[in-house]
>>> print(open('run09.txt').read())   # compact mmCIF, C-alpha atoms
# COMPACT_ATOMS: atom_id res chain seq x y z
CA MET I 601 -69.71 184.93 -125.05
CA ILE I 602 -68.99 187.54 -127.73
CA SER I 603 -72.03 188.35 -129.90
CA PRO I 604 -71.62 189.07 -133.64
CA ALA I 605 -71.84 192.71 -134.65
CA HIS I 606 -74.21 191.89 -137.56
CA PRO I 607 -76.87 189.19 -138.26
CA TRP I 608 -76.04 186.34 -140.60
CA LYS I 609 -76.37 187.42 -144.23
CA SER I 610 -76.28 184.14 -146.07
CA VAL I 611 -77.55 180.58 -145.90
CA THR I 612 -73.95 179.38 -146.04
CA TRP I 613 -72.97 181.24 -142.91
CA SER I 614 -76.14 180.05 -141.18
CA PHE I 615 -75.31 176.46 -142.06
CA LEU I 616 -71.78 176.84 -140.72
CA ALA I 617 -73.11 178.37 -137.53
CA LEU I 618 -75.53 175.46 -137.03
CA ALA I 619 -72.74 172.94 -137.73
CA LEU I 620 -70.48 174.69 -135.23
CA GLY I 621 -73.20 174.69 -132.61
CA ALA I 622 -73.92 171.01 -133.19
CA ALA I 623 -70.25 170.14 -132.87
CA LEU I 624 -69.87 172.06 -129.65
CA GLY I 625 -73.15 170.80 -128.26
CA SER I 626 -72.18 167.20 -128.88
CA GLY I 627 -68.90 167.67 -127.04
CA CYS I 628 -66.78 167.44 -130.19
CA LYS I 629 -63.64 169.55 -130.17
CA LEU I 630 -62.68 171.42 -133.29
CA PRO I 631 -59.19 170.61 -134.56
CA VAL I 632 -56.50 172.97 -133.35
CA ARG I 633 -53.81 173.54 -135.94
CA LYS I 634 -50.59 174.45 -134.21
CA GLN I 635 -47.40 174.23 -136.24
CA PRO I 636 -43.72 174.60 -135.38
CA PRO I 637 -42.42 178.11 -136.03
CA PRO I 638 -41.41 178.48 -139.69
CA GLY I 639 -37.88 178.92 -140.92
CA PRO I 640 -34.56 177.06 -140.79
CA ALA I 641 -33.56 175.60 -137.44
CA GLU I 642 -31.56 177.94 -135.21
CA TRP I 643 -30.74 175.18 -132.71
CA THR I 644 -28.26 172.30 -132.91
CA GLN I 645 -28.77 168.91 -131.25
CA ASP I 646 -26.43 167.38 -128.67
CA ARG I 647 -27.00 163.68 -128.03
CA LEU I 648 -26.33 162.66 -124.44
CA PRO I 649 -24.23 159.57 -123.61
CA ALA I 650 -27.27 157.68 -122.33
CA LYS I 651 -27.26 153.88 -122.28
CA ASP I 652 -30.95 153.85 -123.23
CA PRO I 653 -31.54 155.52 -126.64
CA ASN I 654 -35.09 156.35 -125.52
CA ALA I 655 -34.12 157.83 -122.15
CA GLU I 656 -36.23 160.83 -121.12
CA ILE I 657 -34.69 164.14 -120.08
CA ARG I 658 -37.08 166.22 -117.99
CA ALA I 659 -35.23 169.28 -116.70
CA ILE I 660 -32.19 171.44 -117.31
CA ALA I 661 -30.34 174.08 -115.27
CA GLY I 662 -26.84 175.40 -114.66
CA THR I 663 -24.57 178.12 -113.34
CA GLY I 664 -22.96 179.15 -116.63
CA PRO I 665 -22.18 178.12 -120.21
CA ASP I 666 -19.63 175.55 -119.01
CA ASP I 667 -21.66 174.16 -116.10
CA VAL I 668 -25.03 172.80 -117.24
CA TRP I 669 -27.06 169.86 -115.89
CA ALA I 670 -29.70 167.81 -117.74
CA VAL I 671 -31.61 165.25 -115.66
CA GLY I 672 -34.28 162.61 -116.13
CA TRP I 673 -33.36 158.97 -116.65
CA GLY I 674 -29.84 159.85 -115.56
CA LEU I 675 -27.84 162.93 -114.60
CA TYR I 676 -25.67 164.53 -117.29
CA HIS I 677 -23.18 167.39 -117.14
CA TYR I 678 -21.94 169.80 -119.83
CA ASP I 679 -18.55 171.48 -119.36
CA GLY I 680 -18.83 173.79 -122.36
CA LYS I 681 -17.58 171.17 -124.80
CA THR I 682 -18.76 167.69 -123.83
CA TRP I 683 -21.70 166.03 -122.10
CA THR I 684 -20.75 163.44 -119.44
CA ASP I 685 -22.90 160.83 -117.70
CA THR I 686 -22.50 161.39 -113.93
CA THR I 687 -25.25 158.98 -112.83
CA THR I 688 -24.22 156.95 -109.79
CA PRO I 689 -25.40 153.33 -109.22
CA GLU I 690 -27.80 154.40 -106.45
CA LEU I 691 -29.46 156.88 -108.84
CA SER I 692 -29.76 154.58 -111.84
CA GLY I 693 -32.47 152.10 -112.70
CA TYR I 694 -36.18 151.83 -112.09
CA GLY I 695 -37.71 154.25 -109.58
CA THR I 696 -34.93 156.83 -109.64
CA ALA I 697 -35.93 159.16 -112.50
CA MET I 698 -35.41 162.87 -111.80
CA LYS I 699 -38.01 165.51 -112.65
CA ALA I 700 -36.32 168.80 -111.73
CA VAL I 701 -32.89 170.28 -111.06
CA ALA I 702 -31.57 173.48 -109.47
CA ALA I 703 -27.95 174.64 -109.55
CA VAL I 704 -26.71 176.99 -106.82
CA ALA I 705 -22.99 176.62 -107.53
CA ARG I 706 -20.63 174.18 -109.21
CA ASP I 707 -20.45 172.20 -105.97
CA ASP I 708 -24.07 172.67 -104.89
CA VAL I 709 -26.65 171.15 -107.26
CA TRP I 710 -30.01 169.59 -106.32
CA ALA I 711 -32.24 167.19 -108.26
CA VAL I 712 -35.58 165.65 -107.25
CA GLY I 713 -37.77 162.95 -108.72
CA VAL I 714 -39.97 159.92 -108.27
CA ASN I 715 -40.51 158.08 -104.98
CA GLY I 716 -39.49 161.03 -102.81
CA ARG I 717 -35.98 160.93 -104.23
CA VAL I 718 -33.59 163.84 -103.62
CA ALA I 719 -30.02 163.99 -104.92
CA HIS I 720 -27.26 166.47 -104.11
CA PHE I 721 -24.05 167.07 -106.06
CA ASP I 722 -21.14 168.29 -103.93
CA GLY I 723 -18.73 169.06 -106.74
CA LYS I 724 -17.43 165.49 -106.98
CA THR I 725 -20.34 163.07 -106.92
CA TRP I 726 -24.10 162.71 -106.36
CA HIS I 727 -25.55 161.59 -103.03
CA GLY I 728 -29.17 160.43 -102.87
CA GLU I 729 -31.83 160.06 -100.19
CA GLN I 730 -35.58 159.60 -99.83
CA LEU I 731 -37.47 162.26 -97.90
CA ASP I 732 -39.11 160.72 -94.88
CA VAL I 733 -41.52 163.69 -94.80
CA ALA I 734 -42.69 162.67 -98.30
CA ARG I 735 -44.07 159.30 -97.20
CA VAL I 736 -47.53 158.45 -98.48
CA SER I 737 -48.23 157.09 -95.01
CA LYS I 738 -46.48 157.70 -91.71
CA THR I 739 -46.84 154.02 -90.87
CA PRO I 740 -43.29 152.57 -90.80
CA ASP I 741 -44.21 149.45 -92.80
CA VAL I 742 -45.66 151.48 -95.69
CA LYS I 743 -42.78 152.26 -98.01
CA GLY I 744 -44.53 154.42 -100.63
CA TYR I 745 -43.40 158.01 -101.27
CA PHE I 746 -44.91 160.93 -103.13
CA ASP I 747 -43.12 161.91 -106.34
CA LEU I 748 -41.19 165.17 -106.05
CA ILE I 749 -42.03 167.56 -108.87
CA ASP I 750 -39.93 170.73 -108.59
CA VAL I 751 -36.99 172.19 -106.70
CA VAL I 752 -35.58 175.66 -106.05
CA ALA I 753 -32.38 176.20 -104.08
CA TRP I 754 -30.22 178.95 -102.61
CA PRO I 755 -27.08 178.79 -100.46
CA GLY I 756 -28.07 176.86 -97.33
CA GLU I 757 -31.74 176.36 -98.19
CA VAL I 758 -33.75 174.14 -100.56
CA TRP I 759 -37.50 173.91 -101.28
CA VAL I 760 -39.14 171.02 -103.12
CA THR I 761 -42.72 170.29 -104.14
CA ALA I 762 -44.55 166.97 -104.26
CA SER I 763 -47.31 165.46 -106.36
CA ALA I 764 -49.54 165.80 -103.29
CA SER I 765 -49.08 169.60 -103.56
CA GLU I 766 -47.01 169.59 -100.39
CA TYR I 767 -43.92 171.78 -100.02
CA TYR I 768 -40.81 170.68 -98.12
CA ARG I 769 -37.91 172.83 -96.93
CA PHE I 770 -34.31 171.91 -96.12
CA ASP I 771 -32.48 174.36 -93.84
CA GLY I 772 -29.08 172.73 -94.17
CA LYS I 773 -29.76 170.25 -91.37
CA SER I 774 -33.18 168.64 -91.78
CA TRP I 775 -36.33 168.56 -93.91
CA ALA I 776 -39.71 169.90 -92.76
CA VAL I 777 -43.13 170.53 -94.28
CA VAL I 778 -43.72 174.14 -95.41
CA PRO I 779 -47.05 175.47 -94.06
CA VAL I 780 -49.25 176.82 -96.86
CA PRO I 781 -52.52 178.80 -96.76
CA GLU I 782 -55.72 176.77 -96.65
CA VAL I 783 -57.10 178.76 -99.60
CA ARG I 784 -54.37 177.51 -101.91
CA PRO I 785 -55.66 175.03 -104.49
CA ARG I 786 -54.10 171.61 -104.09
CA THR I 787 -52.77 171.56 -107.63
CA PHE I 788 -49.80 173.89 -107.19
CA GLN I 789 -46.66 171.88 -107.90
CA GLN I 790 -44.21 174.34 -109.44
CA ILE I 791 -42.08 176.77 -107.47
CA TRP I 792 -39.39 179.38 -108.09
CA GLY I 793 -37.83 182.35 -106.33
CA THR I 794 -34.81 184.61 -106.10
CA SER I 795 -34.39 183.92 -102.35
CA PRO I 796 -36.21 182.28 -99.41
CA LYS I 797 -37.88 185.67 -98.93
CA ASP I 798 -39.08 185.90 -102.53
CA VAL I 799 -40.78 182.62 -103.51
CA TRP I 800 -43.50 182.16 -106.15
CA SER I 801 -45.94 179.23 -106.24
CA ILE I 802 -47.14 178.76 -109.81
CA GLY I 803 -50.63 177.91 -111.09
CA GLY I 804 -53.75 179.91 -111.97
CA ARG I 805 -52.97 182.05 -108.95
CA MET I 806 -49.42 183.27 -108.36
CA ASP I 807 -48.98 182.92 -104.59
CA HIS I 808 -46.00 184.80 -103.16
CA PHE I 809 -44.03 184.11 -99.97
CA ASP I 810 -42.02 187.02 -98.51
CA GLY I 811 -40.25 185.03 -95.82
CA ALA I 812 -43.02 185.47 -93.27
CA ARG I 813 -46.40 185.09 -94.96
CA TRP I 814 -48.10 184.00 -98.20
CA ASP I 815 -49.92 186.52 -100.40
CA THR I 816 -52.66 184.62 -102.25
CA SER I 817 -54.38 187.59 -103.88
CA THR I 818 -52.85 187.44 -107.38
CA MET I 819 -55.14 185.72 -109.90
CA LEU I 820 -54.06 185.44 -113.53
CA PRO I 821 -56.43 184.50 -116.41
CA ALA I 822 -54.38 181.49 -117.45
CA GLY I 823 -53.05 178.09 -116.51
CA LEU I 824 -49.34 178.46 -115.79
CA ARG I 825 -46.59 175.87 -115.95
CA LYS I 826 -43.40 177.62 -114.92
CA ALA I 827 -41.94 180.91 -113.73
CA HIS I 828 -38.45 182.36 -113.74
CA GLY I 829 -36.84 185.77 -113.60
CA SER I 830 -33.57 187.65 -113.47
CA ALA I 831 -34.54 189.71 -110.39
CA PRO I 832 -37.47 190.25 -107.99
CA ASN I 833 -38.77 192.94 -110.37
CA ASP I 834 -38.26 190.90 -113.55
CA VAL I 835 -40.24 187.66 -113.39
CA TRP I 836 -41.89 185.74 -116.25
CA ALA I 837 -44.64 183.11 -115.98
CA ALA I 838 -45.45 180.78 -118.91
CA GLY I 839 -48.46 178.59 -119.66
CA TRP I 840 -51.65 178.76 -121.69
CA LYS I 841 -54.52 181.21 -122.04
CA GLY I 842 -58.03 179.77 -122.07
CA HIS I 843 -59.92 176.79 -120.75
CA HIS I 844 -58.06 174.03 -122.58
CA LYS I 845 -54.39 173.19 -122.90
CA GLU I 846 -54.86 173.26 -126.68
CA ASP I 847 -55.53 177.01 -126.46
CA ASN I 848 -52.99 179.74 -127.12
CA GLY I 849 -49.78 180.04 -125.13
CA ALA I 850 -49.47 182.82 -122.58
CA LEU I 851 -46.66 184.82 -121.00
CA PHE I 852 -47.08 187.16 -118.04
CA HIS I 853 -44.50 189.57 -116.60
CA PHE I 854 -44.05 190.90 -113.06
CA ASP I 855 -42.29 194.26 -112.71
CA GLY I 856 -42.02 194.20 -108.93
CA THR I 857 -45.47 195.72 -108.43
CA SER I 858 -47.98 193.97 -110.68
CA TRP I 859 -48.42 191.27 -113.32
CA SER I 860 -49.26 192.09 -116.95
CA GLU I 861 -49.95 189.87 -119.94
CA THR I 862 -47.57 190.03 -122.89
CA PRO I 863 -49.30 189.83 -126.30
CA LEU I 864 -48.37 186.74 -128.31
CA SER I 865 -49.23 185.54 -131.79
CA PRO I 866 -52.32 183.26 -131.85
CA GLU I 867 -50.06 180.61 -133.42
CA VAL I 868 -48.10 180.20 -130.18
CA PRO I 869 -49.23 176.99 -128.39
CA LEU I 870 -49.07 176.06 -124.72
CA LEU I 871 -45.73 177.05 -123.20
CA TRP I 872 -44.13 174.68 -120.73
CA SER I 873 -41.20 176.68 -119.40
CA VAL I 874 -39.47 180.05 -119.36
CA HIS I 875 -36.02 181.16 -118.25
CA ALA I 876 -34.62 184.69 -117.97
CA HIS I 877 -30.92 185.53 -117.99
CA GLY I 878 -31.50 189.28 -117.83
CA LYS I 879 -34.09 191.93 -118.60
CA ASN I 880 -33.08 191.74 -122.27
CA SER I 881 -32.56 187.98 -122.52
CA ALA I 882 -35.10 185.21 -121.95
CA TYR I 883 -36.45 182.10 -123.67
CA ALA I 884 -39.74 180.21 -123.48
CA VAL I 885 -40.47 176.74 -124.91
CA GLY I 886 -43.59 174.64 -125.39
CA GLU I 887 -45.72 172.38 -127.54
CA HIS I 888 -44.87 171.45 -131.15
CA GLY I 889 -41.20 172.35 -130.77
CA TRP I 890 -41.92 176.02 -130.20
CA ALA I 891 -39.22 178.28 -128.76
CA LEU I 892 -39.52 182.02 -128.25
CA GLU I 893 -36.72 184.50 -127.60
CA TRP I 894 -37.12 187.76 -125.64
CA ASN I 895 -34.84 190.63 -126.69
CA GLY I 896 -36.03 193.19 -124.15
CA THR I 897 -38.79 194.51 -126.40
CA SER I 898 -40.70 191.58 -127.88
CA TRP I 899 -40.87 187.79 -128.15
CA ARG I 900 -39.87 186.26 -131.49
CA PRO I 901 -40.07 182.63 -132.68
CA SER I 902 -36.79 180.73 -132.74
CA PRO I 903 -37.20 177.63 -134.96
CA THR I 904 -35.83 174.54 -133.25
CA GLY I 905 -36.11 171.97 -136.03
CA VAL I 906 -38.21 169.60 -133.89
CA LYS I 907 -41.98 169.08 -133.57
CA GLU I 908 -42.11 167.39 -130.18
CA ILE I 909 -43.00 169.07 -126.89
CA LEU I 910 -40.19 171.08 -125.31
CA LYS I 911 -40.55 171.03 -121.53
CA ASP I 912 -37.68 173.04 -120.08
CA VAL I 913 -35.16 175.70 -121.06
CA TYR I 914 -32.03 177.23 -119.56
CA VAL I 915 -30.28 180.34 -120.88
CA THR I 916 -26.97 181.72 -119.76
CA GLU I 917 -24.30 183.99 -121.16
CA GLY I 918 -24.18 183.44 -124.92
CA VAL I 919 -26.09 180.17 -125.15
CA ALA I 920 -29.52 178.61 -124.54
CA PHE I 921 -30.38 174.94 -123.91
CA ALA I 922 -33.74 173.16 -124.21
CA ILE I 923 -35.01 169.62 -123.58
CA GLY I 924 -38.28 167.78 -124.11
CA ASN I 925 -39.91 164.73 -125.63
CA ILE I 926 -36.98 164.18 -127.97
CA GLY I 927 -35.17 161.45 -126.08
CA PRO I 928 -31.65 161.91 -124.63
CA VAL I 929 -31.05 165.04 -126.70
CA VAL I 930 -30.35 168.63 -125.65
CA LEU I 931 -31.04 171.47 -128.07
CA ARG I 932 -28.43 174.21 -127.97
CA ARG I 933 -28.43 177.68 -129.50
CA VAL I 934 -25.81 180.40 -129.50
CA THR I 935 -27.81 183.48 -128.48
CA PRO I 936 -27.38 186.85 -130.17
CA LYS I 937 -25.83 189.52 -128.01
CA ALA I 938 -28.47 191.70 -126.34
CA ALA I 939 -28.53 195.40 -127.06
CA PRO I 940 -26.87 197.48 -124.32
>>> encode(input="run09.txt", output="structure tokens")
Amino acid sequence: MISPAHPWKSVTWSFLALALGAALGSGCKLPVRKQPPPGPAEWTQDRLPAKDPNAEIRAIAGTGPDDVWAVGWGLYHYDGKTWTDTTTPELSGYGTAMKAVAAVARDDVWAVGVNGRVAHFDGKTWHGEQLDVARVSKTPDVKGYFDLIDVVAWPGEVWVTASASEYYRFDGKSWAVVPVPEVRPRTFQQIWGTSPKDVWSIGGRMDHFDGARWDTSTMLPAGLRKAHGSAPNDVWAAGWKGHHKEDNGALFHFDGTSWSETPLSPEVPLLWSVHAHGKNSAYAVGEHGWALEWNGTSWRPSPTGVKEILKDVYVTEGVAFAIGNIGPVVLRRVTPKAAP
């Protein structure tokens, strides 16, 4: 606790101090005033061709400005001009919602979601399956599955995470459980990496897998939601700084050797996701419609025109995309050219 540099000098301040103490002592939380970044909207809104006007979109990824995927209650593709609904009958309806997507190539895209559901796009259509390793029980007559939370993929290899904080790996032939250190907290559900030999597990501690062993020594003073980078020595992690999710947003950067915190304005709320296209181009999104743009030197607010939570972002050459609690809508922004 930080002590004041001087004693109280007025009855008014004493009264306020007593009121503050009473509020905190009684468990009351002071209101947190977080507002969308000021200024005219820099993002346009693309409405997806969803049958349900309230359909949720939970993740977005792609391989370029004309190959972008948005998934949730359906799987939608953007070809640079138009969004198309590519949801197949086996991946539509109750119990098939997707929570994450990873694009390796135009003909190699992976999505994961509820009830142990995994879907793969081969360039023509989606094929779905349920992971047997993700069963709640190994008893054959118990049909329940853990929800799959996140996915990261490379040519010939895929990792997914489950709500039980289990990790599963696909080697091109079969799925298997990924062994994790016993010291890892059981709340790690997000994952990202540049290769199977450079994988980050995201939470309060940033565990790193080098292809042979986990390093669990990196502790960061924050709760983190997502990580992404343009290279092994250019990785960002986004979340919140403090003890409550209502506290200030936080961004940390890894330069290949160590993590460092990037100063942010106290107005920035919890950040849900970050995506880097290069060392001079990245975006982060979060609560209250906040979006931040990285230009290689600093993070600046990028007004989105919405007040709802933004949960994921994807940036590629010349354009950024964001989704969140705004229904079947994708925000899109033409990004300024980065300085050479």
>>> residues_around(input="run09.txt", residues="Asp847 (chain I)", least_positions_apart="4", cutoff="7 Å", atoms="only C-alpha atoms", output="compact mmCIF listing (two decimals) with C-alpha atoms, in the frame of the given file")
# COMPACT_ATOMS: atom_id res chain seq x y z
CA TRP I 840 -51.65 178.76 -121.69
CA LYS I 841 -54.52 181.21 -122.04
CA GLY I 842 -58.03 179.77 -122.07
CA PRO I 869 -49.23 176.99 -128.39
CA LEU I 870 -49.07 176.06 -124.72
>>> residues_around(input="run09.txt", residues="Thr935 (chain I)", least_positions_apart="2", cutoff="12 Å", atoms="only C-alpha atoms", output="ChimeraX atom specification")
/I:642-643,665,877,880-883,892-895,902,914-921,932-933,937-938
>>> residues_around(input="run09.txt", residues="His828 (chain I)", least_positions_apart="6", cutoff="6 Å", atoms="only C-alpha atoms", output="count of residues only")
3
>>> atom_distance(input="run09.txt", atom1="CA of Gly672 (chain I)", atom2="CA of Glu656 (chain I)")
5.6 Å
>>> residues_around(input="run09.txt", residues="region 772-779 of chain I", least_positions_apart="3", cutoff="9 Å", atoms="all atoms listed in the file", output="list in words")
Leu731, Asp732, Val733, Ala734, Pro755, Gly756, Glu757, Val758, Trp759, Glu766, Tyr767, Tyr768 and Arg769 of chain I
>>> residues_around(input="run09.txt", residues="Met806 (chain I)", least_positions_apart="5", cutoff="8 Å", atoms="all atoms listed in the file", output="PDB file with C-alpha atoms, in the coordinates of the input")
ATOM      1  CA  TRP I 800     -43.500 182.160-106.150  1.00  0.00           C
ATOM      2  CA  SER I 801     -45.940 179.230-106.240  1.00  0.00           C
ATOM      3  CA  THR I 816     -52.660 184.620-102.250  1.00  0.00           C
ATOM      4  CA  SER I 817     -54.380 187.590-103.880  1.00  0.00           C
ATOM      5  CA  THR I 818     -52.850 187.440-107.380  1.00  0.00           C
ATOM      6  CA  MET I 819     -55.140 185.720-109.900  1.00  0.00           C
ATOM      7  CA  LEU I 820     -54.060 185.440-113.530  1.00  0.00           C
TER       8      LEU I 820
END
>>> atom_distance(input="run09.txt", atom1="CA of Gly639 (chain I)", atom2="CA of Arg658 (chain I)")
26.2 Å
>>> closest_residue(input="run09.txt", among="I:Pro936, I:Gly829, I:Gly927, I:Gly839", to="Gly803 (chain I)", atoms="all atoms listed in the file")
I:Gly839
>>> axis_aligned_box(input="run09.txt", around="region 854-866 of chain I", padding_each_side="6 Å", output="AutoDock Vina command-line options")
--center_x -47.2 --center_y 189.5 --center_z -120.1 --size_x 22.3 --size_y 24.5 --size_z 35.4
>>> atom_distance(input="run09.txt", atom1="CA of Pro649 (chain I)", atom2="CA of Leu931 (chain I)")
14.4 Å
>>> closest_residue(input="run09.txt", among="I:Thr857, I:Ser873, I:Ser765, I:Asn848", to="Val913 (chain I)", atoms="only C-alpha atoms")
I:Ser873
>>> build_atoms(input="run09.txt", residues="region 701-717 of chain I", atoms="N, CA and C atoms", output="mmCIF file, in the coordinates of the input")
data_model
loop_
_atom_site.group_PDB
_atom_site.id
_atom_site.type_symbol
_atom_site.label_atom_id
_atom_site.label_comp_id
_atom_site.auth_asym_id
_atom_site.auth_seq_id
_atom_site.Cartn_x
_atom_site.Cartn_y
_atom_site.Cartn_z
ATOM 1 N N VAL I 701 -34.260 170.038 -111.508
ATOM 2 C CA VAL I 701 -32.890 170.280 -111.060
ATOM 3 C C VAL I 701 -32.700 171.768 -110.809
ATOM 4 N N ALA I 702 -31.907 172.092 -109.794
ATOM 5 C CA ALA I 702 -31.570 173.480 -109.470
ATOM 6 C C ALA I 702 -30.094 173.552 -109.136
ATOM 7 N N ALA I 703 -29.392 174.497 -109.755
ATOM 8 C CA ALA I 703 -27.950 174.640 -109.550
ATOM 9 C C ALA I 703 -27.661 175.941 -108.806
ATOM 10 N N VAL I 704 -27.094 175.818 -107.612
ATOM 11 C CA VAL I 704 -26.710 176.990 -106.820
ATOM 12 C C VAL I 704 -25.279 177.396 -107.149
ATOM 13 N N ALA I 705 -24.400 176.407 -107.215
ATOM 14 C CA ALA I 705 -22.990 176.620 -107.530
ATOM 15 C C ALA I 705 -22.446 175.329 -108.135
ATOM 16 N N ARG I 706 -21.213 175.366 -108.580
ATOM 17 C CA ARG I 706 -20.630 174.180 -109.210
ATOM 18 C C ARG I 706 -20.583 172.994 -108.245
ATOM 19 N N ASP I 707 -20.501 173.272 -106.957
ATOM 20 C CA ASP I 707 -20.450 172.200 -105.970
ATOM 21 C C ASP I 707 -21.707 172.161 -105.115
ATOM 22 N N ASP I 708 -22.816 172.655 -105.648
ATOM 23 C CA ASP I 708 -24.070 172.670 -104.890
ATOM 24 C C ASP I 708 -25.242 172.609 -105.871
ATOM 25 N N VAL I 709 -25.594 171.378 -106.282
ATOM 26 C CA VAL I 709 -26.650 171.150 -107.260
ATOM 27 C C VAL I 709 -27.654 170.167 -106.666
ATOM 28 N N TRP I 710 -28.959 170.432 -106.880
ATOM 29 C CA TRP I 710 -30.010 169.590 -106.320
ATOM 30 C C TRP I 710 -30.911 169.067 -107.432
ATOM 31 N N ALA I 711 -31.290 167.797 -107.314
ATOM 32 C CA ALA I 711 -32.240 167.190 -108.260
ATOM 33 C C ALA I 711 -33.268 166.402 -107.450
ATOM 34 N N VAL I 712 -34.512 166.400 -107.933
ATOM 35 C CA VAL I 712 -35.580 165.650 -107.250
ATOM 36 C C VAL I 712 -36.356 164.852 -108.272
ATOM 37 N N GLY I 713 -37.041 163.777 -107.767
ATOM 38 C CA GLY I 713 -37.770 162.950 -108.720
ATOM 39 C C GLY I 713 -38.758 162.006 -108.067
ATOM 40 N N VAL I 714 -38.928 160.865 -108.684
ATOM 41 C CA VAL I 714 -39.970 159.920 -108.270
ATOM 42 C C VAL I 714 -39.622 159.294 -106.924
ATOM 43 N N ASN I 715 -40.674 158.802 -106.242
ATOM 44 C CA ASN I 715 -40.510 158.080 -104.980
ATOM 45 C C ASN I 715 -39.799 158.885 -103.896
ATOM 46 N N GLY I 716 -40.070 160.195 -103.857
ATOM 47 C CA GLY I 716 -39.490 161.030 -102.810
ATOM 48 C C GLY I 716 -37.983 161.171 -102.890
ATOM 49 N N ARG I 717 -37.427 160.959 -104.079
ATOM 50 C CA ARG I 717 -35.980 160.930 -104.230
ATOM 51 C C ARG I 717 -35.392 162.346 -104.360
#
